[in-house]
Amino acid sequence: MAQHKKNETSPAVKAYLIIYNSTQLAGWSYIFVQFVAHFLLHGHGLDTLWREVGSATFFFQMLATLEVLHAATGIVPSNVPVTFLQVFGRCMVVAGAINGTPTGQRSPGLPLALFCWSLTEIVRYGYYVAHLLLARVPRVLVWLRYTIFIPMYPCGFIGELLCGYWAQSYIGETDMWSLKLPNSANFTFSFYYFIWIMAIGYLPVFPKMYLYMFSQRRKILGREAAVSQEKSN
């Protein structure tokens, strides 16, 4: 999402961005460690996974809503609509489909989504912290930042869709987060249909986002290769 320009930020903004990204890096690292320990060290199953990592995942994902404000206020040069769609979509999956329903928490897509989310965010926030603190980001971290999305983005998307699919039965049966007529606001809203509209509506957006990320990869890694070649000459 955001890419920070060190030479265009005030010391106060830079300090804030370091704190924010370091906090997110620590949070998602904790989630990843807990995720691995849950299955490999403790031998626990899917039924208790969200109980183990849910609170931390919910907190750090909701904290990411600040990134929309970062983009909107211009302290990072991110595209506001793209950032909003990415953050809002993930928040709806975490808060609505998973945290809000017992069926979403038992979805086979949950471990897939958590694995992809946490690993991707560790690399992403690690890259941002390095970009803010170091004169030059290590090449391996640049490569990871613009490569890890290739498997993780589609796999995470599949995990999100599965979580939404497993959650929709509970949402439909309980009318969760829905508003029916008659009411004082004279307004009706179905969260069940909203979830389906979001899922179907994002399907044509996914290829465009994926291809955009590839274009960014070619641009950034191409620039890195050019700089390396200049240094070697």
# chains A, B, ... in the order shown; residues from 1 in each chain; ligands from 1
>>> closest_atom_pairs(of="segment 55-108 of chain A", to="segment 34-50 of chain A", cutoff="9 Å", atoms="only C-alpha atoms", output="JSON lines")
{"residue": "A:Ser55", "atom": "CA", "partner": "A:Trp50", "partner_atom": "CA", "distance": 8.0}
{"residue": "A:Thr57", "atom": "CA", "partner": "A:Trp50", "partner_atom": "CA", "distance": 8.8}
{"residue": "A:Ile98", "atom": "CA", "partner": "A:Trp50", "partner_atom": "CA", "distance": 8.3}
{"residue": "A:Asn99", "atom": "CA", "partner": "A:Trp50", "partner_atom": "CA", "distance": 8.0}
{"residue": "A:Gln105", "atom": "CA", "partner": "A:Trp50", "partner_atom": "CA", "distance": 6.1}
{"residue": "A:Arg106", "atom": "CA", "partner": "A:Asp47", "partner_atom": "CA", "distance": 5.8}
{"residue": "A:Ser107", "atom": "CA", "partner": "A:Leu46", "partner_atom": "CA", "distance": 8.2}
{"residue": "A:Pro108", "atom": "CA", "partner": "A:Leu46", "partner_atom": "CA", "distance": 7.8}
>>> residues_around(residues="Cys155 of chain A", least_positions_apart="2", cutoff="10 Å", atoms="only C-alpha atoms", output="PyMOL selection string")
chain A and resi 109+112-113+115-117+149-153+157-161
>>> closest_residue(among="A:Ala95, A:Ile75, A:Leu119, A:Met198", to="Trp28 of chain A", atoms="only C-alpha atoms")
A:Leu119
>>> atom_distance(atom1="atom CA of Ala97 of chain A", atom2="atom CA of Cys163 of chain A")
6.2 Å
>>> residues_around(residues="Asp175 of chain A", least_positions_apart="5", cutoff="8 Å", atoms="only C-alpha atoms", output="PyMOL selection string")
chain A and resi 190-192
>>> write_last_selection(atoms="all heavy atoms", output="short mmCIF file (atom, residue, chain, number, x, y, z; two decimals), in the first residue's frame")
data_model
loop_
_atom_site.label_atom_id
_atom_site.label_comp_id
_atom_site.auth_asym_id
_atom_site.auth_seq_id
_atom_site.Cartn_x
_atom_site.Cartn_y
_atom_site.Cartn_z
N SER A 190 -29.12 -5.34 4.39
CA SER A 190 -28.85 -6.76 4.56
C SER A 190 -27.35 -6.99 4.47
O SER A 190 -26.75 -6.85 3.39
CB SER A 190 -29.56 -7.60 3.50
OG SER A 190 -29.14 -8.94 3.57
N PHE A 191 -26.74 -7.35 5.59
CA PHE A 191 -25.31 -7.65 5.59
C PHE A 191 -25.03 -8.92 4.80
O PHE A 191 -23.96 -9.07 4.21
CB PHE A 191 -24.80 -7.78 7.03
CG PHE A 191 -23.30 -7.95 7.13
CD1 PHE A 191 -22.46 -6.94 6.68
CD2 PHE A 191 -22.76 -9.11 7.67
CE1 PHE A 191 -21.08 -7.10 6.77
CE2 PHE A 191 -21.38 -9.26 7.77
CZ PHE A 191 -20.55 -8.25 7.32
N TYR A 192 -25.99 -9.83 4.78
CA TYR A 192 -25.85 -11.07 4.02
C TYR A 192 -25.63 -10.76 2.53
O TYR A 192 -24.69 -11.26 1.91
CB TYR A 192 -27.09 -11.93 4.21
CG TYR A 192 -27.13 -13.18 3.36
CD1 TYR A 192 -26.43 -14.31 3.75
CD2 TYR A 192 -27.89 -13.23 2.19
CE1 TYR A 192 -26.46 -15.47 2.97
CE2 TYR A 192 -27.93 -14.37 1.42
CZ TYR A 192 -27.22 -15.49 1.81
OH TYR A 192 -27.25 -16.63 1.04
#
>>> select_by_dssp(residues="segment 35-92 of chain A", states="helix (DSSP H, G or I)", output="ChimeraX atom specification")
/A:35-41,46-63,66-73,80-92
>>> closest_residue(among="A:Gln86, A:Thr174, A:Ser22, A:Asn186", to="Gln61 of chain A", atoms="only C-alpha atoms")
A:Gln86
>>> closest_residue(among="A:Tyr30, A:Asn183, A:Gly74, A:Met213", to="Glu52 of chain A", atoms="only C-alpha atoms")
A:Tyr30
>>> atom_distance(atom1="atom CA of Ile148 of chain A", atom2="atom CA of Asn79 of chain A")
20.8 Å
>>> residues_around(residues="Glu173 of chain A", least_positions_apart="3", cutoff="12 Å", atoms="only C-alpha atoms", output="list of chain:residue names")
A:Thr101, A:Thr103, A:Ala167, A:Gln168, A:Ser169, A:Tyr170, A:Met176, A:Trp177, A:Ser178, A:Ser190, A:Phe191, A:Tyr192
>>> closest_residue(among="A:Ile19, A:Leu69, A:Ile122, A:Leu63", to="Cys91 of chain A", atoms="only C-alpha atoms")
A:Leu63
